[in-house]
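A.B. asks: One structure is given below, represented as structure tokens, and several questions about it will come after.
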Amino acid sequence: MRRFRAGFFVVLAAVILGACSTKPQTVTAPPGSAGADATPIATGSATGDLGTYPMGARVSVGTPAVAQIQVAKYEKNPPCKDATAGSGDLLIGVSVEYIATQPLPYALADWTARSDNGTITASAGCFKDILATGSASAGKKVGGWVLLQVPTSSKHLWVTYSGAAGAKIVWQLY
């Protein structure tokens, strides 16, 4: 009986520790969801609001198009040396990409997020290749990461681009 009880507590402790793991976890878009003809999950309700898309959708911005913007993947609990999530939060790195067809300014400030708990401001930090401020010339592809601090209780996360040509695009990550 003692061996059974001891074994039970070892297994229970392993399950609890595994559930609380802070190992990085990368989530990429499902195959086939990316492309210039991506279908929105929901249409926009205001001028310049291009709608809500699934992660991986590449969305054209401007008329004529100045760029295609994409949220390619995200990573929960990215390895960070100079940033830690607050109590009840987790860090999420979001990979974003601009494919310019005309000169296009870009910046970290173009990006925000929203969870079940409210608005989240993107921040610079420890994550690899944080999106800097710059300008992409026609034909260039520019990418980087946006760092977010998200409440662990959030069941949904949307990332919003508000930048070139007054466009607003939302991607649902989960």
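We label chains A, B, ... in the order they appear in the structure tokens, count residues from 1 in each chain, and number ligands from 1 in the order shown.
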Go through range 29-126 of chain A residue by residue and, counting only C-alpha atoms, keep those with an atom at most 12 Å from range 150-155 of chain A; for each kept residue give the shortest atom pair and its distance in Å to one decimal, ordered by chain and increasing number, as a tab-separated table.

C.D. replies:
```
residue	atom	partner	partner_atom	distance
A:Lys76	CA	A:Val150	CA	9.7
A:Asn77	CA	A:Val150	CA	10.4
A:Thr84	CA	A:Val150	CA	11.5
A:Ala85	CA	A:Val150	CA	8.3
A:Gly86	CA	A:Pro151	CA	8.8
A:Ser87	CA	A:Pro151	CA	8.7
A:Gly88	CA	A:Thr152	CA	5.7
A:Asp89	CA	A:Pro151	CA	4.1
A:Leu90	CA	A:Val150	CA	5.4
A:Leu91	CA	A:Val150	CA	6.2
A:Ile92	CA	A:Val150	CA	7.0
A:Gly93	CA	A:Val150	CA	10.3
A:Val94	CA	A:Val150	CA	11.8
A:Thr112	CA	A:Val150	CA	11.6
A:Ala113	CA	A:Val150	CA	9.0
A:Arg114	CA	A:Val150	CA	8.8
A:Ser115	CA	A:Ser154	CA	5.9
A:Asp116	CA	A:Ser154	CA	5.3
A:Asn117	CA	A:Ser154	CA	6.5
A:Gly118	CA	A:Ser154	CA	9.4
A:Thr119	CA	A:Val150	CA	9.5
A:Ile120	CA	A:Val150	CA	7.3
A:Thr121	CA	A:Val150	CA	9.8
A:Ala122	CA	A:Val150	CA	10.3
A:Ser123	CA	A:Val150	CA	11.7
```

A.B. asks: When you count only C-alpha atoms, which of these residues is closest to Gln68 in chain A: A:Tyr161, A:Trp171, A:Tyr98, A:Tyr53?

C.D. replies: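 Closest candidate: A:Tyr98.
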
A.B. asks: Hey, can you check how far CA of Val170 in chain A sits from CA of Leu108 in chain A?

C.D. replies: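 If I compute the distance from CA of Val170 in chain A to CA of Leu108 in chain A, I get 15.3 Å.
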
A.B. asks: Tell me which of A:Leu131, A:Ala124, A:Cys80, A:Ala109 sits closest to Thr160 in chain A, counting only C-alpha atoms.

C.D. replies: A:Ala109

A.B. asks: So which residues touch Ala65 in chain A within 9 Å, counting only C-alpha atoms, skipping near sequence neighbours fewer than 5 positions away, as a PyMOL selection string?

C.D. replies: chain A and resi 60+100-102

A.B. asks: How many Å lie between CA of Glu97 in chain A and CA of Ala57 in chain A, rounded to one decimal?

C.D. replies: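 Straight-line distance from CA of Glu97 in chain A to CA of Ala57 in chain A works out to 10.8 Å.
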
A.B. asks: Would you pick out the contacts of Thr133 in chain A at 8 Å or less, using only C-alpha atoms, so that residues sharing its chain but fewer than 5 positions from it are not included, and give the list as a JSON list (two decimals) with C-alpha atoms, in the first residue's frame?

C.D. replies:
```json
[["chain", "number", "residue", "atom", "x", "y", "z"],
["A", 105, "PRO", "CA", 6.63, 52.49, -43.22],
["A", 106, "TYR", "CA", 6.34, 49.95, -40.38],
["A", 107, "ALA", "CA", 6.70, 50.06, -36.61],
["A", 108, "LEU", "CA", 6.00, 48.14, -33.43]]
```

A.B. asks: Using DSSP on the backbone coordinates, identify the residues of range 10-148 of chain A assigned to strand (DSSP E); present them as number ranges by chain.

C.D. replies: A: 25-28, 49-54, 58-61, 67-76, 89-100, 104-106, 111-115, 118-121, 134-136, 141-148

A.B. asks: List the neighbours of Gln70 in chain A out to 12 Å using only C-alpha atoms; skip same-chain residues closer than 3 positions along the sequence, and give me the result as a ChimeraX atom specification.

C.D. replies: /A:28-29,33-36,38,53-61,67,73-74,94-100,111,141-145,159-161,169-173

A.B. asks: Only C-alpha atoms, please: the residues just picked out, written as a compact mmCIF listing (two decimals), in the first residue's frame.

C.D. replies:
```txt
# COMPACT_ATOMS: atom_id res chain seq x y z
CA THR A 28 2.05 28.08 -36.70
CA ALA A 29 -0.83 28.70 -39.07
CA SER A 33 -4.91 29.44 -44.66
CA ALA A 34 -2.36 31.91 -46.05
CA GLY A 35 -2.70 33.79 -49.29
CA ALA A 36 -3.83 37.03 -50.86
CA ALA A 38 -7.72 34.70 -47.59
CA TYR A 53 -8.78 36.73 -40.34
CA PRO A 54 -7.38 33.40 -39.18
CA MET A 55 -3.70 33.31 -38.24
CA GLY A 56 -1.61 32.85 -41.36
CA ALA A 57 -3.85 34.88 -43.68
CA ARG A 58 -1.90 37.31 -45.86
CA VAL A 59 -4.07 40.43 -46.28
CA SER A 60 -3.61 43.17 -48.91
CA VAL A 61 -3.56 46.75 -47.61
CA ALA A 67 1.60 45.70 -49.03
CA LYS A 73 2.87 32.24 -35.97
CA TYR A 74 3.13 32.86 -32.25
CA VAL A 94 3.90 37.06 -32.41
CA SER A 95 5.70 36.79 -35.77
CA VAL A 96 4.51 39.47 -38.24
CA GLU A 97 5.50 40.04 -41.85
CA TYR A 98 5.16 42.87 -44.38
CA ILE A 99 5.54 42.29 -48.13
CA ALA A 100 5.76 45.77 -49.66
CA TRP A 111 0.41 46.48 -33.48
CA LYS A 141 9.80 41.50 -47.33
CA VAL A 142 10.27 42.64 -43.72
CA GLY A 143 9.39 40.71 -40.59
CA GLY A 144 9.84 40.73 -36.87
CA TRP A 145 8.32 39.76 -33.57
CA VAL A 159 -3.73 40.74 -32.82
CA THR A 160 -4.50 44.00 -34.64
CA TYR A 161 -2.51 45.86 -37.28
CA ILE A 169 -6.70 44.12 -39.81
CA VAL A 170 -7.37 41.64 -37.01
CA TRP A 171 -6.05 38.07 -36.77
CA GLN A 172 -7.44 35.57 -34.29
CA LEU A 173 -4.61 33.54 -32.76
```

A.B. asks: Apply DSSP to the backbone of this structure and, from chain A, keep only the residues in helix (DSSP H, G or I); write these as a PyMOL selection string.

C.D. replies: chain A and resi 2-19+108-110+164-166

A.B. asks: Those selected residues, please, written with C-alpha atoms and delivered as a PDB file, in the first residue's frame.

C.D. replies:
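Writing the result to out-v7.pdb gives the following:
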```pdb
ATOM      1  CA  ARG A   2       2.886   2.392   0.774  1.00  0.00           C
ATOM      2  CA  ARG A   3       4.486   1.803  -2.628  1.00  0.00           C
ATOM      3  CA  PHE A   4       1.162   2.504  -4.327  1.00  0.00           C
ATOM      4  CA  ARG A   5       0.648   5.719  -2.342  1.00  0.00           C
ATOM      5  CA  ALA A   6       4.224   6.905  -2.997  1.00  0.00           C
ATOM      6  CA  GLY A   7       3.901   6.104  -6.716  1.00  0.00           C
ATOM      7  CA  PHE A   8       0.566   7.927  -6.874  1.00  0.00           C
ATOM      8  CA  PHE A   9       2.086  11.102  -5.404  1.00  0.00           C
ATOM      9  CA  VAL A  10       5.054  10.958  -7.810  1.00  0.00           C
ATOM     10  CA  VAL A  11       2.673  10.684 -10.783  1.00  0.00           C
ATOM     11  CA  LEU A  12       0.430  13.441  -9.370  1.00  0.00           C
ATOM     12  CA  ALA A  13       3.420  15.763  -8.877  1.00  0.00           C
ATOM     13  CA  ALA A  14       4.614  15.102 -12.453  1.00  0.00           C
ATOM     14  CA  VAL A  15       1.161  15.917 -13.852  1.00  0.00           C
ATOM     15  CA  ILE A  16       0.921  19.138 -11.827  1.00  0.00           C
ATOM     16  CA  LEU A  17       4.415  20.280 -12.818  1.00  0.00           C
ATOM     17  CA  GLY A  18       3.752  19.434 -16.479  1.00  0.00           C
ATOM     18  CA  ALA A  19       0.555  21.489 -16.446  1.00  0.00           C
ATOM     19  CA  LEU A 108       6.001  48.138 -33.430  1.00  0.00           C
ATOM     20  CA  ALA A 109       3.401  50.827 -32.673  1.00  0.00           C
ATOM     21  CA  ASP A 110       1.319  49.499 -35.626  1.00  0.00           C
ATOM     22  CA  ALA A 164      -0.485  52.006 -43.735  1.00  0.00           C
ATOM     23  CA  ALA A 165      -3.319  53.597 -45.687  1.00  0.00           C
ATOM     24  CA  GLY A 166      -5.504  53.790 -42.569  1.00  0.00           C
TER      25      GLY A 166
END
```
